[in-house]
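A.B. asks: Quick one: the structure is below, questions incoming.
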Amino acid sequence: ELHKNGNLGRFCKRMLQDSDYSWLGGVGVSRMAIGAVANALWDLSAKIQQVPAWQLIVDMEPRDLLEFIDFEPIGDVLSPAEALDLLQRAQGGKQERVHTIYQQGLLAYNTAGWSGISKEGLVDQTRKMLQAGWPQIKIKVGASYSAARMKADEARTLLTREDIDRMALEAANEDAERMILVYQTIEREDPRADKMKVAIDSNQVFDTRSAFIFAHQLGLELYQASPDYRVEWFEEPCNQHSPMAHVELQQALDRAFEDYAPPLRMPISTGEQGASPTTFKDLLHAPDLSGKTREKYAIDVIQMDYSRVGGIGDNLAILLMAQKAREEGRDVRICPHTGGIGLCEGMRNVQAIKQAWFGPDNLAGVPDILEFVAEEERSVHEGVFTNPAIVKNGYYQMGREPGVGVDYSARGKQDYTLPGGDAWLASDHFAQLARKFMQEPR
């Protein structure tokens with residue numbers, strides 16, 4: 001009966017509202033642990049009903065879905081009545097959208113350039129992604145800035161603000177060279193009319209000021225090379241725990257580039273380490289910090305995670321706040337984070353719920369897109385899970401297997417069980433780590 005009458009939602013919400021838990025702060029590994037229980041119950045309910053986990057949610061009555069959400073901390077931007085209205089209107093055309101999800105899948109992108117990769121390696125990876133038909137890739141930037149900061153720290157050098165600004169500027173020029181090579185490779189070798197797009201990610205290495213200097217200079221360098229060299233988004237430029245740093249950066253860049261024709265923009269994205277819906281409330285419904293208008297503002301792309309928040313209920317709240325922002329005129333994209341083992345499998349369900357409710361695009365017709373992470377040396381999907389995440393022709397394939405799809409296969413258990421799994425024994429380093437983990441007090 002867990003899937004009926006709002007029972008699942010009420011139970012998940014009650015765990016997060018426990019007073020002792022709230023005293024702990026309601027974030028971090030404790031919230032992830034509650035989220036793991038909530039997602040496991042969601043998975044179990046879907047298996048009992050013999051449907052995919054996302055389909056279980058999509059088929060629920062709108063009023064039952066409200067039971068998942070604690071509206072108290074987000075009620076200033078989304079009331080229960082507004083959420084119900086959004087869900088009721090989402091029922092129109094829902095079955096056609098569900099059919100498209102099963103037939104076509106969910107648009108996906110991949111990472112081509114990790115930190116430290118050479119220019120030649122980056123071009124080679126870009127070619128591989130083109131040959132595989134990916135619609136978008138992501139490239140890591142800011143590595144030289146981070147290395148310069150670490151070198152100064154090791155030398156116990158006291159950097160001035162001018163030193164930090166110079167490092168950000170130099171890093172932008174260096175990364176612009178690397179990215180121009182990527183764009184040139186795409187121009188030459190991508191035969192598609194809709195050529196492969198490029199996003200960037202710096203993994204939180206900048207403060208707000210150095211992030212602006214870096215992003216502003218990078219945007220100018222690419223624009224001067226060609227106005228067509230557009231960045232889909234700049235992911236996590238600032239500390240992951242400061243949503244307002246990203247909002248401030250987005251607003252500053254929008255003002256700096258507002259007079260360019262053809263348009264020049266540097267969309268900002270973050271959210272993979274956002275622990276609760278309140279973080280996303282700030283990212284989606286912030287004020288205009290310049291004080292010039294009374295309008296709300298939002299970053300361009302939100303990237304919530306499957307396991308960082310408190311389970312499926314938190315992600316439903318985030319989806320509804322994002323849709324509310326869209327209906328108020330902010331063309332935010334919903335492009336969730338995946339990454340490590342199991343995250344692609346889990347997050348495809350949340351993105352499928354979003355697409356079944358609200359469609360594949362934002363208000364401007366720009367498609368939402370879901371990250372896919374693969375490794376050349378080993379599979380982290382097929383052979384690891386009984387229902388692995390599979391991408392074909394740039395789309396996650398969505399089957400009808402019951403549950404979330406994070407059940408380890410016999411081979412997956414053999415590879416990853418501590419301490420004797422084959423993956424742990426693949427090198428002396430991993431074997432030592434596995435033994436250390438097992439020796440830690442419990």
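Chain labels run A, B, ... following the order of the structure tokens; each chain numbers its residues from 1, and ligands are numbered from 1 in the order shown.
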Fewer than 4 positions away in the same chain doesn't count, so skip those; otherwise give me all residues within 7 Å of Ala325 (chain A), counting only C-alpha atoms, as an MDAnalysis selection string.
C.D. replies: chainID A and resid 284:285 321 329:330
A.B. asks: Go through region 79-117 of chain A and collect every residue that DSSP, computed from the backbone, puts in helix (DSSP H, G or I); the answer should be as a PyMOL selection string.
C.D. replies: chain A and resi 80-89+94-103
A.B. asks: May I have the residues within 12 Å of Leu2 (chain A) as an MDAnalysis selection string, using only C-alpha atoms and disregarding those fewer than 3 positions away in the same chain?
C.D. replies: chainID A and resid 5:12 38 41:49 56 60 64
A.B. asks: Mind writing the picked residues with C-alpha atoms as a PDB file, in the first residue's frame?
C.D. replies:
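Ended up saving to again32.pdb:
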```
ATOM      1  CA  ASN A   5      -2.850   7.717  -0.884  1.00  0.00           C
ATOM      2  CA  GLY A   6       0.369   9.678  -0.355  1.00  0.00           C
ATOM      3  CA  ASN A   7       1.802   7.059   2.050  1.00  0.00           C
ATOM      4  CA  LEU A   8       5.277   6.984   0.484  1.00  0.00           C
ATOM      5  CA  GLY A   9       5.554  10.758   0.385  1.00  0.00           C
ATOM      6  CA  ARG A  10       4.408  11.225   3.978  1.00  0.00           C
ATOM      7  CA  PHE A  11       6.877   8.634   5.259  1.00  0.00           C
ATOM      8  CA  CYS A  12       9.826  10.152   3.374  1.00  0.00           C
ATOM      9  CA  ALA A  38      13.607   7.134   0.726  1.00  0.00           C
ATOM     10  CA  LEU A  41      11.439   2.553  -0.577  1.00  0.00           C
ATOM     11  CA  TRP A  42      10.577   4.210  -3.890  1.00  0.00           C
ATOM     12  CA  ASP A  43      12.515   1.446  -5.686  1.00  0.00           C
ATOM     13  CA  LEU A  44      10.777  -1.261  -3.650  1.00  0.00           C
ATOM     14  CA  SER A  45       7.326   0.199  -4.293  1.00  0.00           C
ATOM     15  CA  ALA A  46       7.957   0.282  -8.035  1.00  0.00           C
ATOM     16  CA  LYS A  47       9.172  -3.330  -8.013  1.00  0.00           C
ATOM     17  CA  ILE A  48       6.060  -4.465  -6.149  1.00  0.00           C
ATOM     18  CA  GLN A  49       3.925  -2.684  -8.771  1.00  0.00           C
ATOM     19  CA  LEU A  56       5.265   5.000 -10.512  1.00  0.00           C
ATOM     20  CA  MET A  60       0.407   9.021  -8.968  1.00  0.00           C
ATOM     21  CA  ASP A  64      -0.619  12.349  -3.374  1.00  0.00           C
TER      22      ASP A  64
END
```
A.B. asks: Which polymer residues have any atom within 12 Å of an atom of Met150 (chain A), counting only C-alpha atoms, with same-chain residues fewer than 6 positions away left out, as a list in words?
C.D. replies: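 So, after excluding close chain neighbours, the residues are Ala143, Ser144, Arg156, Thr157, Leu158, Leu159, Ile164, Met167 and Val205 of chain A.
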A.B. asks: Take the residues from that selection and write them out as an mmCIF file, in the first residue's frame, keeping C-alpha atoms.
C.D. replies:
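And here's part.cif as it stands now:
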```
data_model
loop_
_atom_site.group_PDB
_atom_site.id
_atom_site.type_symbol
_atom_site.label_atom_id
_atom_site.label_comp_id
_atom_site.auth_asym_id
_atom_site.auth_seq_id
_atom_site.Cartn_x
_atom_site.Cartn_y
_atom_site.Cartn_z
ATOM 1 C CA ALA A 143 43.265 23.506 -13.873
ATOM 2 C CA SER A 144 46.193 25.909 -14.324
ATOM 3 C CA ARG A 156 53.840 29.699 1.703
ATOM 4 C CA THR A 157 53.483 32.709 -0.589
ATOM 5 C CA LEU A 158 50.974 35.288 0.608
ATOM 6 C CA LEU A 159 49.048 36.159 -2.531
ATOM 7 C CA ILE A 164 44.843 36.072 -7.750
ATOM 8 C CA MET A 167 46.206 33.964 -12.200
ATOM 9 C CA VAL A 205 38.099 26.352 -7.893
#
```
A.B. asks: From the list A:Gln273, A:Ser226, A:Asn393, A:Gln55, which residue is nearest Pro243 (chain A) when using only C-alpha atoms?
C.D. replies: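 Ranked by minimum distance to Pro243 (chain A), first place goes to A:Gln273.
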A.B. asks: Considering only C-alpha atoms, state which residue in the set A:Leu249, A:Leu363, A:Met304, A:Ala112 is at the smallest distance from Leu289 (chain A).
C.D. replies: A:Leu249
A.B. asks: Got a sec: who's within 9 Å of Arg348 (chain A), counting only C-alpha atoms, leaving out chain neighbours fewer than 3 positions off, as number ranges by chain?
C.D. replies: A: 54, 106, 336, 338, 343-345, 351-353, 370, 389, 396, 398, 404
A.B. asks: How would the residues just picked look written out with N, CA, C and O atoms as a PDB file, in the first residue's frame?
C.D. replies:
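The resulting file, part24.pdb, is shown below:
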```
ATOM      1  N   TRP A  54      10.238   5.794 -12.237  1.00  0.00           N
ATOM      2  CA  TRP A  54       9.736   7.080 -12.703  1.00  0.00           C
ATOM      3  C   TRP A  54       8.263   6.982 -13.101  1.00  0.00           C
ATOM      4  O   TRP A  54       7.489   7.898 -12.864  1.00  0.00           O
ATOM      5  N   LEU A 106      16.038   9.941 -23.427  1.00  0.00           N
ATOM      6  CA  LEU A 106      16.355  11.226 -22.819  1.00  0.00           C
ATOM      7  C   LEU A 106      17.686  11.729 -23.373  1.00  0.00           C
ATOM      8  O   LEU A 106      18.688  11.003 -23.362  1.00  0.00           O
ATOM      9  N   PRO A 336      20.370  17.575 -14.892  1.00  0.00           N
ATOM     10  CA  PRO A 336      20.882  17.001 -13.649  1.00  0.00           C
ATOM     11  C   PRO A 336      22.298  16.439 -13.746  1.00  0.00           C
ATOM     12  O   PRO A 336      22.785  16.073 -14.816  1.00  0.00           O
ATOM     13  N   THR A 338      25.093  13.559 -12.892  1.00  0.00           N
ATOM     14  CA  THR A 338      25.243  12.126 -12.614  1.00  0.00           C
ATOM     15  C   THR A 338      26.665  11.915 -12.107  1.00  0.00           C
ATOM     16  O   THR A 338      27.088  12.564 -11.178  1.00  0.00           O
ATOM     17  N   LEU A 343      24.772   6.656 -10.310  1.00  0.00           N
ATOM     18  CA  LEU A 343      24.091   7.950 -10.402  1.00  0.00           C
ATOM     19  C   LEU A 343      23.382   8.123 -11.747  1.00  0.00           C
ATOM     20  O   LEU A 343      22.295   8.702 -11.807  1.00  0.00           O
ATOM     21  N   CYS A 344      23.976   7.634 -12.823  1.00  0.00           N
ATOM     22  CA  CYS A 344      23.280   7.692 -14.121  1.00  0.00           C
ATOM     23  C   CYS A 344      22.009   6.858 -14.059  1.00  0.00           C
ATOM     24  O   CYS A 344      20.954   7.274 -14.554  1.00  0.00           O
ATOM     25  N   GLU A 345      22.121   5.677 -13.455  1.00  0.00           N
ATOM     26  CA  GLU A 345      20.962   4.793 -13.350  1.00  0.00           C
ATOM     27  C   GLU A 345      19.841   5.439 -12.551  1.00  0.00           C
ATOM     28  O   GLU A 345      18.661   5.365 -12.920  1.00  0.00           O
ATOM     29  N   GLN A 351      14.887  12.633 -14.406  1.00  0.00           N
ATOM     30  CA  GLN A 351      14.757  13.374 -15.661  1.00  0.00           C
ATOM     31  C   GLN A 351      13.553  12.888 -16.469  1.00  0.00           C
ATOM     32  O   GLN A 351      12.883  13.683 -17.140  1.00  0.00           O
ATOM     33  N   ALA A 352      13.252  11.599 -16.384  1.00  0.00           N
ATOM     34  CA  ALA A 352      12.071  11.090 -17.083  1.00  0.00           C
ATOM     35  C   ALA A 352      10.794  11.654 -16.470  1.00  0.00           C
ATOM     36  O   ALA A 352       9.835  11.967 -17.198  1.00  0.00           O
ATOM     37  N   ILE A 353      10.752  11.792 -15.140  1.00  0.00           N
ATOM     38  CA  ILE A 353       9.600  12.419 -14.482  1.00  0.00           C
ATOM     39  C   ILE A 353       9.439  13.845 -14.978  1.00  0.00           C
ATOM     40  O   ILE A 353       8.336  14.293 -15.323  1.00  0.00           O
ATOM     41  N   LEU A 370      20.801  15.373 -20.013  1.00  0.00           N
ATOM     42  CA  LEU A 370      21.225  14.612 -18.844  1.00  0.00           C
ATOM     43  C   LEU A 370      22.642  14.088 -19.036  1.00  0.00           C
ATOM     44  O   LEU A 370      22.963  13.504 -20.072  1.00  0.00           O
ATOM     45  N   ALA A 389      22.421   1.884 -17.243  1.00  0.00           N
ATOM     46  CA  ALA A 389      22.154   3.035 -18.105  1.00  0.00           C
ATOM     47  C   ALA A 389      22.849   2.810 -19.443  1.00  0.00           C
ATOM     48  O   ALA A 389      24.049   2.543 -19.497  1.00  0.00           O
ATOM     49  N   TYR A 396      19.587   8.457 -23.623  1.00  0.00           N
ATOM     50  CA  TYR A 396      19.364   7.374 -22.668  1.00  0.00           C
ATOM     51  C   TYR A 396      18.202   6.519 -23.166  1.00  0.00           C
ATOM     52  O   TYR A 396      17.133   7.041 -23.498  1.00  0.00           O
ATOM     53  N   MET A 398      15.224   4.070 -22.336  1.00  0.00           N
ATOM     54  CA  MET A 398      14.382   3.843 -21.169  1.00  0.00           C
ATOM     55  C   MET A 398      13.511   2.608 -21.379  1.00  0.00           C
ATOM     56  O   MET A 398      12.552   2.625 -22.144  1.00  0.00           O
ATOM     57  N   VAL A 404      14.157   1.393  -9.754  1.00  0.00           N
ATOM     58  CA  VAL A 404      15.072   2.477 -10.110  1.00  0.00           C
ATOM     59  C   VAL A 404      16.147   2.001 -11.076  1.00  0.00           C
ATOM     60  O   VAL A 404      16.545   2.716 -11.989  1.00  0.00           O
TER      61      VAL A 404
END
```
A.B. asks: Using DSSP secondary structure from the backbone, list all strand (DSSP E or B) positions within region 162-294 of chain A, as a PyMOL selection string.
C.D. replies: chain A and resi 197-201+231-235+268-270+286-287
A.B. asks: Just C-alpha atoms for this one: save the residues we selected as a PDB file, in the first residue's frame.
C.D. replies:
```pdb
ATOM      1  CA  LYS A 197      27.860  21.689 -28.363  1.00  0.00           C
ATOM      2  CA  VAL A 198      30.384  22.368 -25.592  1.00  0.00           C
ATOM      3  CA  ALA A 199      29.993  23.040 -21.862  1.00  0.00           C
ATOM      4  CA  ILE A 200      32.753  23.673 -19.309  1.00  0.00           C
ATOM      5  CA  ASP A 201      33.280  22.744 -15.654  1.00  0.00           C
ATOM      6  CA  VAL A 231      29.576  27.851 -24.126  1.00  0.00           C
ATOM      7  CA  GLU A 232      26.435  25.915 -23.190  1.00  0.00           C
ATOM      8  CA  TRP A 233      27.186  26.497 -19.518  1.00  0.00           C
ATOM      9  CA  PHE A 234      29.998  27.146 -17.040  1.00  0.00           C
ATOM     10  CA  GLU A 235      29.530  24.536 -14.310  1.00  0.00           C
ATOM     11  CA  ILE A 268      26.152  29.511 -15.140  1.00  0.00           C
ATOM     12  CA  SER A 269      25.204  26.099 -13.739  1.00  0.00           C
ATOM     13  CA  THR A 270      25.482  24.434 -10.341  1.00  0.00           C
ATOM     14  CA  ALA A 286      16.888  35.123  -6.301  1.00  0.00           C
ATOM     15  CA  PRO A 287      16.351  38.883  -6.477  1.00  0.00           C
TER      16      PRO A 287
END
```
A.B. asks: May I ask for the distance between CA of Ala171 (chain A) and CA of Pro237 (chain A), given in Å to one decimal place?
C.D. replies: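 Value for the CA of Ala171 (chain A)-CA of Pro237 (chain A) distance: 13.0 Å.
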A.B. asks: Just the residues within 10 Å of Gln432 (chain A), please, counting only C-alpha atoms, with nothing from its chain fewer than 6 positions along; format it as a compact mmCIF listing (two decimals) with N, CA, C and O atoms, in the first residue's frame.
C.D. replies:
```txt
# COMPACT_ATOMS: atom_id res chain seq x y z
N PRO A 419 36.47 -6.45 1.03
CA PRO A 419 37.68 -5.84 0.46
C PRO A 419 38.22 -6.62 -0.74
O PRO A 419 39.21 -6.22 -1.32
N TRP A 424 38.82 -3.80 -6.65
CA TRP A 424 39.71 -3.36 -5.58
C TRP A 424 41.08 -4.01 -5.68
O TRP A 424 42.09 -3.42 -5.27
N LEU A 425 41.12 -5.21 -6.24
CA LEU A 425 42.39 -5.92 -6.35
C LEU A 425 43.13 -5.62 -7.65
O LEU A 425 44.19 -6.20 -7.92
```
A.B. asks: Which residue out of A:Gly359, A:Gly274, A:Gly311, A:Gly412 has the minimum interatomic distance to Gly383 (chain A) when only C-alpha atoms are used?
C.D. replies: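 For Gly383 (chain A), the nearest of the candidates is A:Gly412.
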